[in-house]
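> Please see the structure below; I have some questions.
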Amino acid sequence: MDAAATNPDRTGRGQRRLRLILLLVLLAAVVGALAVGVAMGGQNTGIFDGDPPRWASNLGLVLVILGVVIEVAAAVWVVGTGRYRSGRQSPLIGLSWSHRRRLDRQVRRDTPEADEDPALLVETAKQFVSQRYLAVLCAGLVMTSVGQVFVGFAPFHGMIGGLLLVIWVVLIVSVLRNARRGEAFLRAHPGLSGR
């Protein structure tokens, strides 16, 4: 067993360090972009200008409209089924952020600790399963982002659209994986919900 697995503080420090590094990289990118903009003297470099062919413009509009329709339909479904309210009555609301993260980790890794409240673990797993609808909302955002790339048809729009596409896809994969892990946790520990 490695030291990070036995010491949760070490894992937390590693995650904080990774977040700090990502923040510094993002900050360096923004400062670098500003420096390039100042060095160019505010000249129009054409990275924002795009003249899409008719097919790209039409495809982009269809994707944007389809994405918005998916998002609105998913939002109406979530409100109609009452799923958006289910989290408000959860006992997890009053917990600290670190305690909730610890519960999430226990459910994801299927390693419930002996001193943890079983009801909270079951509630965390149920929330993972019930949040599967977020993947549909993100799919609508993926379509909208890709559609905007075709409508803009410029390097800047392509770069931002690609970045958004990666973010939404990672979020979709994360939501679906957490839902599967929540289901597996509930199947593996049926006795927890009966306590």
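Chain labels run A, B, ... following the order of the structure tokens; each chain numbers its residues from 1, and ligands are numbered from 1 in the order shown.
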Hey, what's within 9 Å of range 89-101 of chain A if we count only C-alpha atoms and toss same-chain stuff fewer than 5 positions away? As a PyMOL selection string, please?
chain A and resi 106+119-120+123-124+127
> Since we have the selection now, will you write its residues out, keeping C-alpha atoms, as a short mmCIF file (atom, residue, chain, number, x, y, z; two decimals), in the first residue's frame?

```cif
data_model
loop_
_atom_site.label_atom_id
_atom_site.label_comp_id
_atom_site.auth_asym_id
_atom_site.auth_seq_id
_atom_site.Cartn_x
_atom_site.Cartn_y
_atom_site.Cartn_z
CA GLN A 106 -15.75 6.37 -0.15
CA ALA A 119 -27.30 6.70 5.79
CA LEU A 120 -24.98 9.41 4.45
CA GLU A 123 -27.60 9.12 0.20
CA THR A 124 -24.34 9.98 -1.58
CA GLN A 127 -27.34 11.23 -5.55
#
```
> Report as a list in words all protein, DNA and RNA residues lying within 10 Å of range 150-152 of chain A, evaluated on only C-alpha atoms, omitting residues in the same chain fewer than 6 positions from it.
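Non-adjacent residues within range: Phe48, Asp49, Gly50, Asp51, Pro52, Pro53, Arg54, Trp55, Ala56, Ser57, Asn58, Leu59, Gly60, Leu61, Val62, Leu63, Val64, Gly158 and Gly161 of chain A.
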> Take the residues that were just selected and, keeping N, CA and C atoms, output them as a CSV table (one decimal), in the first residue's frame.

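The resulting file, again-v8.csv, is reproduced below:
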```csv
chain,number,residue,atom,x,y,z
A,48,PHE,N,-10.4,36.5,-34.9
A,48,PHE,CA,-11.8,36.6,-34.6
A,48,PHE,C,-12.7,36.7,-35.8
A,49,ASP,N,-12.1,36.9,-36.9
A,49,ASP,CA,-12.9,37.1,-38.2
A,49,ASP,C,-13.0,35.7,-38.8
A,50,GLY,N,-14.2,35.4,-39.2
A,50,GLY,CA,-14.5,34.2,-39.9
A,50,GLY,C,-15.6,34.4,-41.0
A,51,ASP,N,-15.4,33.8,-42.1
A,51,ASP,CA,-16.4,33.9,-43.2
A,51,ASP,C,-16.8,32.5,-43.5
A,52,PRO,N,-17.7,31.9,-42.8
A,52,PRO,CA,-18.0,30.5,-43.0
A,52,PRO,C,-18.7,30.3,-44.3
A,53,PRO,N,-18.4,29.1,-44.9
A,53,PRO,CA,-19.1,28.8,-46.1
A,53,PRO,C,-20.6,28.5,-45.7
A,54,ARG,N,-21.4,28.5,-46.7
A,54,ARG,CA,-22.9,28.4,-46.4
A,54,ARG,C,-23.2,27.1,-45.7
A,55,TRP,N,-22.6,26.0,-46.1
A,55,TRP,CA,-22.8,24.7,-45.4
A,55,TRP,C,-22.4,24.8,-43.9
A,56,ALA,N,-21.3,25.4,-43.6
A,56,ALA,CA,-20.8,25.5,-42.2
A,56,ALA,C,-21.8,26.4,-41.4
A,57,SER,N,-22.2,27.5,-42.0
A,57,SER,CA,-23.1,28.4,-41.3
A,57,SER,C,-24.5,27.6,-41.0
A,58,ASN,N,-25.0,26.9,-42.0
A,58,ASN,CA,-26.3,26.2,-41.8
A,58,ASN,C,-26.1,25.1,-40.8
A,59,LEU,N,-25.0,24.3,-40.9
A,59,LEU,CA,-24.8,23.2,-40.0
A,59,LEU,C,-24.6,23.8,-38.5
A,60,GLY,N,-23.9,24.9,-38.4
A,60,GLY,CA,-23.8,25.5,-37.1
A,60,GLY,C,-25.1,26.0,-36.5
A,61,LEU,N,-25.9,26.6,-37.3
A,61,LEU,CA,-27.2,27.0,-36.8
A,61,LEU,C,-28.1,25.9,-36.4
A,62,VAL,N,-28.1,24.8,-37.2
A,62,VAL,CA,-28.9,23.6,-36.8
A,62,VAL,C,-28.4,23.0,-35.5
A,63,LEU,N,-27.0,22.9,-35.3
A,63,LEU,CA,-26.5,22.4,-34.1
A,63,LEU,C,-26.8,23.2,-32.9
A,64,VAL,N,-26.7,24.6,-33.1
A,64,VAL,CA,-27.0,25.5,-31.9
A,64,VAL,C,-28.5,25.3,-31.6
A,158,GLY,N,-12.9,28.4,-32.9
A,158,GLY,CA,-12.5,27.0,-32.9
A,158,GLY,C,-11.7,26.6,-31.6
A,161,GLY,N,-14.3,26.8,-28.7
A,161,GLY,CA,-15.2,25.7,-28.9
A,161,GLY,C,-14.6,24.3,-28.6
```
> Could you write out, as a PyMOL selection string, all the residues of range 1-194 of chain A that DSSP marks as helix (DSSP H, G or I)?
chain A and resi 3-6+8-39+54-81+83-89+97-109+118-152+155-188+190-194
> Residues near Pro112 in chain A, anyone? I mean within 12 Å using only C-alpha atoms, not counting same-chain ones fewer than 4 positions away, as a PyMOL selection string.
chain A and resi 102-108+116-122+124-125+185-186+188-189+192
> Restricting it to N, CA and C atoms, dump the selection as an mmCIF file, in the first residue's frame.

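part.cif was written with the following content:
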```cif
data_model
loop_
_atom_site.group_PDB
_atom_site.id
_atom_site.type_symbol
_atom_site.label_atom_id
_atom_site.label_comp_id
_atom_site.auth_asym_id
_atom_site.auth_seq_id
_atom_site.Cartn_x
_atom_site.Cartn_y
_atom_site.Cartn_z
ATOM 1 N N ARG A 102 -15.202 13.488 1.312
ATOM 2 C CA ARG A 102 -14.802 12.218 1.897
ATOM 3 C C ARG A 102 -15.871 11.144 1.605
ATOM 4 N N LEU A 103 -17.137 11.521 1.717
ATOM 5 C CA LEU A 103 -18.220 10.581 1.385
ATOM 6 C C LEU A 103 -18.167 10.195 -0.094
ATOM 7 N N ASP A 104 -17.974 11.184 -0.963
ATOM 8 C CA ASP A 104 -17.870 10.908 -2.402
ATOM 9 C C ASP A 104 -16.748 9.914 -2.681
ATOM 10 N N ARG A 105 -15.609 10.135 -2.057
ATOM 11 C CA ARG A 105 -14.457 9.267 -2.261
ATOM 12 C C ARG A 105 -14.757 7.835 -1.798
ATOM 13 N N GLN A 106 -15.433 7.700 -0.670
ATOM 14 C CA GLN A 106 -15.753 6.369 -0.153
ATOM 15 C C GLN A 106 -16.704 5.626 -1.092
ATOM 16 N N VAL A 107 -17.667 6.356 -1.654
ATOM 17 C CA VAL A 107 -18.618 5.713 -2.572
ATOM 18 C C VAL A 107 -17.933 5.382 -3.891
ATOM 19 N N ARG A 108 -17.144 6.302 -4.418
ATOM 20 C CA ARG A 108 -16.468 6.047 -5.700
ATOM 21 C C ARG A 108 -15.526 4.859 -5.613
ATOM 22 N N GLU A 116 -18.199 5.779 9.546
ATOM 23 C CA GLU A 116 -19.037 6.686 8.748
ATOM 24 C C GLU A 116 -20.506 6.325 8.916
ATOM 25 N N ASP A 117 -21.359 7.333 8.842
ATOM 26 C CA ASP A 117 -22.805 7.132 8.949
ATOM 27 C C ASP A 117 -23.299 6.427 7.676
ATOM 28 N N PRO A 118 -23.866 5.232 7.790
ATOM 29 C CA PRO A 118 -24.319 4.495 6.603
ATOM 30 C C PRO A 118 -25.386 5.239 5.809
ATOM 31 N N ALA A 119 -26.244 5.972 6.498
ATOM 32 C CA ALA A 119 -27.301 6.703 5.790
ATOM 33 C C ALA A 119 -26.700 7.762 4.857
ATOM 34 N N LEU A 120 -25.626 8.397 5.287
ATOM 35 C CA LEU A 120 -24.980 9.409 4.447
ATOM 36 C C LEU A 120 -24.302 8.774 3.236
ATOM 37 N N LEU A 121 -23.709 7.606 3.424
ATOM 38 C CA LEU A 121 -23.097 6.905 2.295
ATOM 39 C C LEU A 121 -24.150 6.495 1.268
ATOM 40 N N VAL A 122 -25.274 5.980 1.754
ATOM 41 C CA VAL A 122 -26.361 5.574 0.856
ATOM 42 C C VAL A 122 -26.912 6.793 0.123
ATOM 43 N N THR A 124 -25.341 9.558 -0.599
ATOM 44 C CA THR A 124 -24.338 9.983 -1.584
ATOM 45 C C THR A 124 -24.420 9.114 -2.829
ATOM 46 N N ALA A 125 -24.514 7.805 -2.649
ATOM 47 C CA ALA A 125 -24.616 6.891 -3.791
ATOM 48 C C ALA A 125 -25.895 7.148 -4.583
ATOM 49 N N PHE A 185 -22.069 0.610 -5.714
ATOM 50 C CA PHE A 185 -21.967 0.728 -4.259
ATOM 51 C C PHE A 185 -23.255 0.259 -3.593
ATOM 52 N N LEU A 186 -24.400 0.667 -4.126
ATOM 53 C CA LEU A 186 -25.681 0.261 -3.544
ATOM 54 C C LEU A 186 -25.895 -1.249 -3.665
ATOM 55 N N ALA A 188 -23.425 -3.489 -3.822
ATOM 56 C CA ALA A 188 -22.421 -4.169 -2.992
ATOM 57 C C ALA A 188 -22.710 -4.074 -1.506
ATOM 58 N N HIS A 189 -23.469 -3.048 -1.107
ATOM 59 C CA HIS A 189 -23.732 -2.821 0.322
ATOM 60 C C HIS A 189 -25.236 -2.665 0.589
ATOM 61 N N LEU A 192 -26.418 -1.499 4.198
ATOM 62 C CA LEU A 192 -26.247 -0.133 4.721
ATOM 63 C C LEU A 192 -27.559 0.623 4.763
#
```
